[in-house]
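Pasted below: coords-v2.txt, compact mmCIF, C-alpha atoms.
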# COMPACT_ATOMS: atom_id res chain seq x y z
CA MET A 1 -34.97 -127.51 103.86
CA LEU A 2 -37.94 -125.92 105.64
CA GLU A 3 -41.21 -127.79 105.24
CA ILE A 4 -44.67 -126.72 106.40
CA LYS A 5 -47.58 -129.17 106.31
CA ASN A 6 -51.29 -128.38 106.76
CA LEU A 7 -50.79 -125.19 108.75
CA THR A 8 -54.09 -123.89 110.10
CA LYS A 9 -54.74 -120.85 112.27
CA ARG A 10 -58.14 -119.41 113.15
CA TYR A 11 -59.19 -116.21 114.90
CA ALA A 12 -62.43 -116.73 116.85
CA ASN A 13 -64.93 -117.50 114.09
CA LEU A 14 -62.65 -116.25 111.33
CA ARG A 15 -60.20 -118.36 109.37
CA GLY A 16 -56.66 -117.01 109.28
CA VAL A 17 -55.04 -119.71 107.15
CA SER A 18 -56.22 -123.22 106.38
CA ASP A 19 -54.20 -126.31 105.39
CA VAL A 20 -51.25 -124.33 104.06
CA SER A 21 -48.38 -126.57 102.92
CA PHE A 22 -45.12 -125.73 101.16
CA THR A 23 -41.41 -126.46 101.05
CA LEU A 24 -38.61 -123.88 101.00
CA GLU A 25 -35.26 -125.12 99.73
CA LYS A 26 -31.89 -123.52 100.37
CA GLY A 27 -30.76 -121.27 97.55
CA LYS A 28 -34.32 -120.58 96.40
CA ILE A 29 -36.62 -117.57 96.72
CA LEU A 30 -40.25 -118.46 97.45
CA SER A 31 -42.79 -115.64 97.31
CA TYR A 32 -46.08 -115.78 99.18
CA LEU A 33 -48.57 -113.51 97.45
CA GLY A 34 -52.02 -112.23 98.29
CA HIS A 35 -54.01 -109.10 99.02
CA ASN A 36 -54.09 -107.53 102.47
CA GLY A 37 -55.89 -109.85 104.86
CA ALA A 38 -55.33 -112.99 102.79
CA GLY A 39 -53.28 -114.61 105.58
CA LYS A 40 -49.68 -113.93 104.56
CA THR A 41 -48.52 -112.39 107.84
CA THR A 42 -50.42 -114.98 109.88
CA THR A 43 -48.50 -117.74 108.11
CA LEU A 44 -45.15 -116.04 108.69
CA ARG A 45 -45.85 -115.40 112.38
CA CYS A 46 -46.81 -119.04 112.91
CA ILE A 47 -43.55 -120.19 111.29
CA ILE A 48 -41.38 -118.05 113.53
CA GLY A 49 -43.41 -118.68 116.69
CA LEU A 50 -45.05 -115.30 117.24
CA LEU A 51 -48.42 -117.01 116.82
CA LYS A 52 -49.38 -120.51 117.87
CA ALA A 53 -50.87 -122.54 115.04
CA ASP A 54 -54.06 -124.47 115.74
CA SER A 55 -52.69 -127.41 113.77
CA GLY A 56 -49.97 -128.28 111.31
CA SER A 57 -46.47 -129.73 111.19
CA PHE A 58 -43.11 -127.98 110.85
CA TYR A 59 -39.87 -129.62 109.69
CA PHE A 60 -36.33 -128.29 109.46
CA ASN A 61 -33.97 -130.52 107.45
CA GLY A 62 -36.35 -133.39 108.11
CA ASN A 63 -36.56 -132.81 111.88
CA SER A 64 -39.92 -131.89 113.39
CA PHE A 65 -40.12 -128.75 115.54
CA SER A 66 -42.74 -126.60 117.23
CA PRO A 67 -42.07 -122.88 116.56
CA PHE A 68 -44.09 -121.72 119.56
CA LEU A 69 -42.06 -123.77 122.07
CA GLU A 70 -38.73 -122.73 123.60
CA ASP A 71 -37.16 -126.13 122.91
CA SER A 72 -37.19 -125.17 119.22
CA ASN A 73 -35.01 -122.09 119.75
CA ASP A 74 -31.89 -123.80 118.38
CA ILE A 75 -33.72 -124.45 115.13
CA LYS A 76 -35.23 -120.96 115.00
CA LYS A 77 -31.71 -119.52 115.30
CA LYS A 78 -31.23 -120.88 111.78
CA PHE A 79 -33.79 -118.30 110.63
CA GLY A 80 -33.29 -114.63 109.97
CA VAL A 81 -36.51 -112.60 110.23
CA VAL A 82 -37.53 -109.22 108.81
CA LEU A 83 -40.96 -108.14 110.05
CA ASP A 84 -43.20 -105.64 108.28
CA ILE A 85 -42.64 -102.97 110.96
CA PRO A 86 -38.94 -102.56 111.94
CA ALA A 87 -38.36 -102.36 115.71
CA PHE A 88 -35.14 -101.05 117.25
CA TYR A 89 -33.95 -99.19 120.32
CA ASN A 90 -34.30 -95.71 118.87
CA ASN A 91 -31.91 -93.97 121.24
CA LEU A 92 -29.09 -96.38 120.36
CA SER A 93 -26.99 -96.20 117.23
CA ALA A 94 -27.33 -98.79 114.48
CA MET A 95 -24.13 -100.53 115.62
CA GLU A 96 -25.23 -100.52 119.26
CA ASN A 97 -28.47 -102.15 118.21
CA LEU A 98 -26.57 -104.74 116.19
CA TYR A 99 -24.21 -105.49 119.11
CA PHE A 100 -27.24 -106.12 121.30
CA PHE A 101 -29.08 -108.36 118.86
CA GLY A 102 -25.84 -110.14 117.96
CA SER A 103 -25.31 -110.98 121.63
CA ILE A 104 -28.66 -112.79 121.66
CA TYR A 105 -27.17 -115.18 119.11
CA GLY A 106 -23.97 -115.54 121.15
CA LEU A 107 -21.90 -113.25 118.91
CA THR A 108 -19.04 -111.18 120.27
CA LYS A 109 -18.76 -107.55 119.22
CA LYS A 110 -16.00 -108.56 116.82
CA ASP A 111 -18.20 -111.28 115.29
CA THR A 112 -21.04 -108.80 114.91
CA GLU A 113 -18.75 -106.29 113.20
CA ASN A 114 -17.28 -108.89 110.86
CA ASN A 115 -20.72 -110.12 109.85
CA SER A 116 -22.56 -106.80 109.67
CA ILE A 117 -20.10 -104.33 108.14
CA PRO A 118 -20.10 -105.96 104.65
CA LEU A 119 -23.90 -105.91 104.75
CA LEU A 120 -24.05 -102.28 105.89
CA LYS A 121 -21.80 -101.38 102.97
CA ALA A 122 -23.79 -103.45 100.48
CA LEU A 123 -27.00 -101.76 101.63
CA GLU A 124 -25.37 -98.32 101.53
CA ILE A 125 -25.90 -97.38 105.19
CA PHE A 126 -22.37 -97.99 106.52
CA GLU A 127 -21.64 -94.28 106.89
CA TYR A 128 -24.67 -93.94 109.18
CA LYS A 129 -23.85 -96.89 111.45
CA ASP A 130 -22.98 -94.67 114.44
CA GLU A 131 -26.08 -92.48 114.17
CA LYS A 132 -29.05 -93.03 116.46
CA VAL A 133 -31.72 -95.12 114.80
CA LYS A 134 -34.40 -92.51 115.56
CA LYS A 135 -32.79 -90.38 112.82
CA TYR A 136 -33.17 -93.13 110.22
CA SER A 137 -35.67 -92.93 107.37
CA LYS A 138 -38.08 -95.81 106.76
CA GLY A 139 -35.86 -97.15 103.99
CA MET A 140 -32.78 -97.07 106.21
CA MET A 141 -34.70 -98.85 108.99
CA GLN A 142 -35.77 -101.52 106.52
CA LYS A 143 -32.17 -102.03 105.43
CA LEU A 144 -30.98 -102.19 109.03
CA SER A 145 -33.66 -104.83 109.73
CA LEU A 146 -32.17 -106.92 106.95
CA VAL A 147 -28.67 -106.55 108.40
CA ARG A 148 -29.96 -107.61 111.82
CA ALA A 149 -31.66 -110.66 110.28
CA LEU A 150 -28.39 -111.76 108.68
CA ILE A 151 -25.75 -111.06 111.34
CA HIS A 152 -25.82 -114.64 112.66
CA LYS A 153 -25.53 -116.13 109.15
CA PRO A 154 -28.91 -117.91 109.02
CA GLU A 155 -29.77 -120.69 106.61
CA PHE A 156 -33.19 -119.22 105.87
CA LEU A 157 -34.41 -115.63 105.61
CA ILE A 158 -38.10 -114.95 106.32
CA MET A 159 -39.39 -111.52 105.28
CA ASP A 160 -42.74 -109.77 105.60
CA GLU A 161 -43.32 -107.09 102.92
CA PRO A 162 -39.61 -106.10 102.71
CA MET A 163 -40.11 -103.65 99.81
CA SER A 164 -43.11 -101.80 101.23
CA GLY A 165 -42.77 -98.03 101.05
CA LEU A 166 -39.21 -98.03 99.70
CA ASP A 167 -37.87 -95.68 97.03
CA PRO A 168 -36.68 -97.20 93.72
CA GLN A 169 -32.97 -97.07 94.64
CA SER A 170 -33.56 -98.85 97.96
CA ARG A 171 -35.64 -101.50 96.19
CA LEU A 172 -32.83 -102.10 93.71
CA THR A 173 -30.23 -102.34 96.49
CA ILE A 174 -32.26 -104.85 98.51
CA ARG A 175 -33.20 -106.80 95.39
CA ASN A 176 -29.57 -107.23 94.41
CA LEU A 177 -28.63 -108.35 97.91
CA LEU A 178 -31.43 -110.92 98.06
CA LEU A 179 -30.39 -112.38 94.72
CA ASP A 180 -26.79 -112.59 95.93
CA LEU A 181 -27.83 -114.26 99.20
CA SER A 182 -29.90 -116.81 97.35
CA LYS A 183 -27.66 -117.66 94.42
CA ASN A 184 -24.19 -117.17 95.91
CA ASN A 185 -24.73 -117.88 99.61
CA ASN A 186 -27.31 -120.68 99.32
CA ILE A 187 -29.81 -119.01 101.66
CA GLY A 188 -33.46 -119.97 101.28
CA ILE A 189 -35.68 -116.88 101.25
CA PHE A 190 -39.41 -116.71 102.04
CA ILE A 191 -41.06 -113.40 101.17
CA THR A 192 -44.62 -112.26 101.77
CA SER A 193 -45.64 -109.48 99.43
CA HIS A 194 -48.28 -107.92 97.21
CA ASP A 195 -45.62 -106.05 95.18
CA LEU A 196 -45.91 -108.21 92.07
CA ASP A 197 -43.56 -106.23 89.82
CA GLU A 198 -40.71 -106.41 92.32
CA ILE A 199 -41.29 -110.06 93.17
CA GLU A 200 -41.23 -111.10 89.52
CA LYS A 201 -37.66 -109.81 89.24
CA ILE A 202 -36.28 -112.08 91.96
CA THR A 203 -38.49 -115.06 92.74
CA ASP A 204 -38.01 -118.70 91.77
CA GLU A 205 -41.45 -119.86 92.84
CA ILE A 206 -44.70 -118.29 93.99
CA MET A 207 -47.72 -119.26 96.06
CA ILE A 208 -50.94 -117.28 95.74
CA LEU A 209 -53.06 -117.10 98.86
CA GLU A 210 -56.77 -116.27 98.79
CA ASN A 211 -59.03 -116.33 101.85
CA GLY A 212 -56.43 -118.25 103.84
CA ARG A 213 -55.87 -121.00 101.28
CA ILE A 214 -53.19 -121.52 98.66
CA VAL A 215 -54.98 -121.47 95.31
CA ILE A 216 -51.93 -122.11 93.12
CA SER A 217 -48.16 -122.52 93.49
CA GLY A 218 -45.16 -123.29 91.34
CA ASP A 219 -42.39 -122.00 89.12
CA VAL A 220 -43.34 -118.65 87.56
CA SER A 221 -42.32 -119.54 83.99
CA LYS A 222 -44.24 -122.83 84.12
CA LEU A 223 -47.31 -121.13 85.55
CA LYS A 224 -47.26 -118.63 82.69
CA ASN A 225 -47.53 -121.54 80.26
CA ASN A 226 -50.13 -123.45 82.27
CA VAL A 227 -52.41 -120.67 83.44
CA PHE A 228 -52.86 -118.90 80.12
CA LEU A 229 -54.25 -120.50 76.99
CA LYS A 230 -53.85 -117.47 74.78
CA LYS A 231 -50.60 -115.98 73.47
CA LYS A 232 -50.17 -112.21 73.34
CA TYR A 233 -48.65 -110.45 70.31
CA ILE A 234 -47.85 -106.89 69.27
CA LEU A 235 -47.81 -105.77 65.66
CA VAL A 236 -46.70 -102.35 64.38
CA PHE A 237 -47.77 -101.58 60.82
CA GLU A 238 -48.07 -98.94 58.11
CA THR A 239 -51.22 -98.74 55.99
CA ASP A 240 -53.98 -96.31 55.08
CA ASN A 241 -56.52 -99.09 54.61
CA LYS A 242 -58.04 -100.00 57.98
CA THR A 243 -60.53 -102.29 56.26
CA ASN A 244 -57.68 -104.62 55.30
CA ILE A 245 -56.69 -104.86 58.96
CA ASP A 246 -60.21 -106.01 59.80
CA LEU A 247 -60.06 -108.57 57.01
CA MET A 248 -56.66 -109.88 58.12
CA PHE A 249 -57.80 -110.40 61.70
CA LYS A 250 -61.03 -111.98 60.48
CA GLU A 251 -58.82 -114.56 58.78
CA LEU A 252 -56.76 -114.94 61.98
CA ASN A 253 -60.08 -115.38 63.80
CA CYS A 254 -59.10 -113.34 66.84
CA PRO A 255 -60.07 -109.97 68.32
CA PHE A 256 -57.56 -107.14 68.33
CA ASN A 257 -57.00 -103.74 69.91
CA LEU A 258 -55.86 -100.95 67.59
CA GLU A 259 -53.82 -98.09 69.09
CA GLY A 260 -52.63 -95.79 66.30
CA SER A 261 -50.22 -97.90 64.27
CA LYS A 262 -49.93 -100.62 66.92
CA ILE A 263 -52.12 -103.69 67.30
CA ASN A 264 -52.33 -105.86 70.41
CA PHE A 265 -53.99 -109.24 69.94
CA GLU A 266 -54.35 -112.61 71.66
CA THR A 267 -54.83 -116.01 70.08
CA ASP A 268 -54.68 -119.69 70.94
CA ASN A 269 -52.32 -120.24 68.01
CA ASN A 270 -48.57 -119.88 67.78
CA ILE A 271 -47.75 -117.20 65.22
CA ASP A 272 -44.27 -116.72 63.82
CA LEU A 273 -42.75 -113.85 61.85
CA GLU A 274 -42.98 -115.65 58.50
CA SER A 275 -46.70 -116.34 58.78
CA ILE A 276 -47.57 -112.80 59.90
CA ASN A 277 -45.39 -111.39 57.09
CA ASN A 278 -47.30 -113.46 54.54
CA LEU A 279 -50.64 -112.29 55.92
CA CYS A 280 -49.58 -108.64 55.90
CA ALA A 281 -48.39 -108.97 52.30
CA LYS A 282 -51.71 -110.60 51.32
CA TYR A 283 -53.64 -107.61 52.70
CA SER A 284 -51.16 -104.92 51.55
CA ILE A 285 -50.12 -104.02 55.09
CA LYS A 286 -46.52 -102.96 55.62
CA LEU A 287 -45.20 -104.75 58.71
CA LEU A 288 -42.75 -102.66 60.75
CA GLU A 289 -42.46 -104.67 63.97
CA PHE A 290 -43.76 -107.95 65.34
CA SER A 291 -43.18 -109.42 68.79
CA LYS A 292 -44.62 -111.86 71.29
CA LYS A 293 -45.50 -110.31 74.64
CA GLU A 294 -44.78 -112.33 77.77
CA HIS A 295 -47.46 -112.61 80.41
CA SER A 296 -46.48 -110.92 83.66
CA LEU A 297 -46.76 -112.17 87.22
CA GLU A 298 -49.57 -109.63 87.62
CA ASP A 299 -51.41 -111.33 84.74
CA ILE A 300 -51.07 -114.69 86.52
CA TYR A 301 -52.19 -113.27 89.85
CA PHE A 302 -55.39 -111.67 88.62
CA LYS A 303 -56.22 -114.56 86.30
CA ILE A 304 -56.00 -117.03 89.19
CA LEU A 305 -58.12 -114.85 91.48
CA GLU A 306 -60.66 -114.43 88.69
CA ARG A 307 -60.88 -118.20 88.23
CA ASN A 308 -61.12 -118.76 91.97
CA GLU A 309 -64.13 -116.43 92.24
CA LYS A 310 -66.12 -118.39 89.65

Please render this file's structure as structure tokens.
Amino acid sequence: MLEIKNLTKRYANLRGVSDVSFTLEKGKILSYLGHNGAGKTTTLRCIIGLLKADSGSFYFNGNSFSPFLEDSNDIKKKFGVVLDIPAFYNNLSAMENLYFFGSIYGLTKKDTENNSIPLLKALEIFEYKDEKVKKYSKGMMQKLSLVRALIHKPEFLIMDEPMSGLDPQSRLTIRNLLLDLSKNNNIGIFITSHDLDEIEKITDEIMILENGRIVISGDVSKLKNNVFLKKKYILVFETDNKTNIDLMFKELNCPFNLEGSKINFETDNNIDLESINNLCAKYSIKLLEFSKKEHSLEDIYFKILERNEK
């Protein structure tokens, strides 16, 4: 388990992050969300020791460590890191780069091959492993960064904007690998991102960062129930009498948005198919479809920021 308590980092008179605390468990994906400049990358760089925190405590499996100090290197070897800008020796091939970085972790060439080749295949860049990295596209570089982060079999994977600028196929490939690493290999994954659609497909928990502070955190499904008071519904109908629609929604006592033969509406009440069928029959409206619409992670994100600004 990786635990961060009251992490604070300031830049001159500006606050980077303030009193950030969270716990990352093995086998879980924790997503750290916020707009550009919110403090996501600052937090990550403090955890891995690229920046020195002004204050805060760091624990790995209950043992305190200081990321910025060399005596914590044994603990930091338990981390795999993917930074937002991939950095390799461009005139070396992918495998030559991996041999070099593997040697830093004490891996032999054989160890590096055994650990990296399945990953290269899973990420669909195995056939390019002997090409110089300078010929790689951004997506290929991002995939190679992930391979490098995993060659020493870390317990935790820490990633800064791993999906940024990737094509849909590359996103899908990386998404599937991350889910496999988390669920089948028990690796804890910490991701900074502002790609809400992609994050919603993989994450177990989220934290939303605003102006350097965590404004909300928790399980996505629970947050959807706690953050929103209103339920969202979609109704598809057939009628020539729009006045009856107005009358029906006056009885429901909720506003609605009419788009052709589809109605979107929100209400505090739980509405089931039987009750909406009865209402439609009462007002001579032929009901074709009725469904409840789930709130998205994007809905949560903007709702929280809206509340925080008030």

Option closest in space to Asp195 in chain A, from A:Ser164, A:Ser103, A:Thr42, A:Asn61 [counting all atoms listed in the file]: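 Smallest separation from Asp195 in chain A among the options: A:Ser164.
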
Please provide as number ranges by chain all residues within 9 Å of Asp111 in chain A, with the sequence filter that same-chain residues fewer than 5 positions apart are discarded (counting all atoms listed in the file). A: 102, 116, 151-152

Save out the residues we just selected, C-alpha atoms, as a PDB file, in the coordinates of the input.
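File written: result.pdb
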ATOM      1  CA  GLY A 102     -25.840-110.140 117.960  1.00  0.00           C
ATOM      2  CA  SER A 116     -22.560-106.800 109.670  1.00  0.00           C
ATOM      3  CA  ILE A 151     -25.750-111.060 111.340  1.00  0.00           C
ATOM      4  CA  HIS A 152     -25.820-114.640 112.660  1.00  0.00           C
TER       5      HIS A 152
END

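Take CA of Leu157 in chain A and CA of Tyr301 in chain A: the distance between them is 23.9 Å.
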
Give the padded box for range 144-147 of chain A as lines of an AutoDock Vina configuration file: axis-aligned, covering all atoms listed in the file, 6 Å on each side, centre and edge lengths in Å to one decimal.
center_x = -31.2
center_y = -104.6
center_z = 108.3
size_x = 17.0
size_y = 16.7
size_z = 14.8

So, counting all atoms listed in the file, which residue among A:Ser217, A:Lys5, A:Ser193, A:Ile48 is closest to Lys76 in chain A?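 Closest candidate: A:Ile48.
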
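CA of Met248 in chain A is found 10.2 Å from CA of Ala281 in chain A.
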
At what distance in Å, to one decimal, does CA of Ser170 in chain A lie from CA of Ala122 in chain A? 11.1 Å

Can you list, as a list in words, every protein, DNA or RNA residue that comes within 7 Å of Arg213 in chain A when you count all atoms listed in the file, leaving out same-chain residues fewer than 5 positions away?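 Non-adjacent residues within range: Val17, Ser18, Asp19 and Val20 of chain A.
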
Can you list, as a PyMOL selection string, every protein, DNA or RNA residue that comes within 8 Å of Phe88 in chain A when you count all atoms listed in the file, leaving out same-chain residues fewer than 2 positions away? chain A and resi 86+90+97+133

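Using only C-alpha atoms, the smallest distance between any of A:Gly218, A:Gly260, A:Gly37, A:Gly62 and Leu297 in chain A comes from A:Gly218.
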
Hey, which of A:Lys231, A:Lys293, A:Thr243, A:Lys153 ends up closest to Ile271 in chain A? Count all atoms listed in the file.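 Looking only at the distances to Ile271 in chain A, the closest residue turns out to be A:Lys231.
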
Which residues come within 8 Å of Asp54 in chain A, counting all atoms listed in the file, excluding same-chain residues fewer than 3 positions away, as a list in words?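 Listing them by chain and then by number gives Leu7, Thr8, Lys9 and Arg10 of chain A.
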
Shell around Asn186 in chain A at 7 Å using all atoms listed in the file, local window under 5 positions removed, as an MDAnalysis selection string: chainID A and resid 26:27 181

Atoms to include: C-alpha atoms. Write the selected residues as a CSV table (one decimal), keeping the file's coordinate frame.
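The result, written out as again_3.csv:
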chain,number,residue,atom,x,y,z
A,26,LYS,CA,-31.9,-123.5,100.4
A,27,GLY,CA,-30.8,-121.3,97.6
A,181,LEU,CA,-27.8,-114.3,99.2

Give the answer as one residue: which of A:Ile202, A:Ile75, A:Leu120, A:Leu287 has the shortest atom-to-atom distance to Asp180 in chain A, using all atoms listed in the file?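 Looking only at the distances to Asp180 in chain A, the closest residue turns out to be A:Ile202.
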
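With all atoms listed in the file as the basis for measurement, A:Ala38 is the residue among A:Ala38, A:Ile174, A:Leu2, A:Ile29 that approaches Gly212 in chain A most closely.
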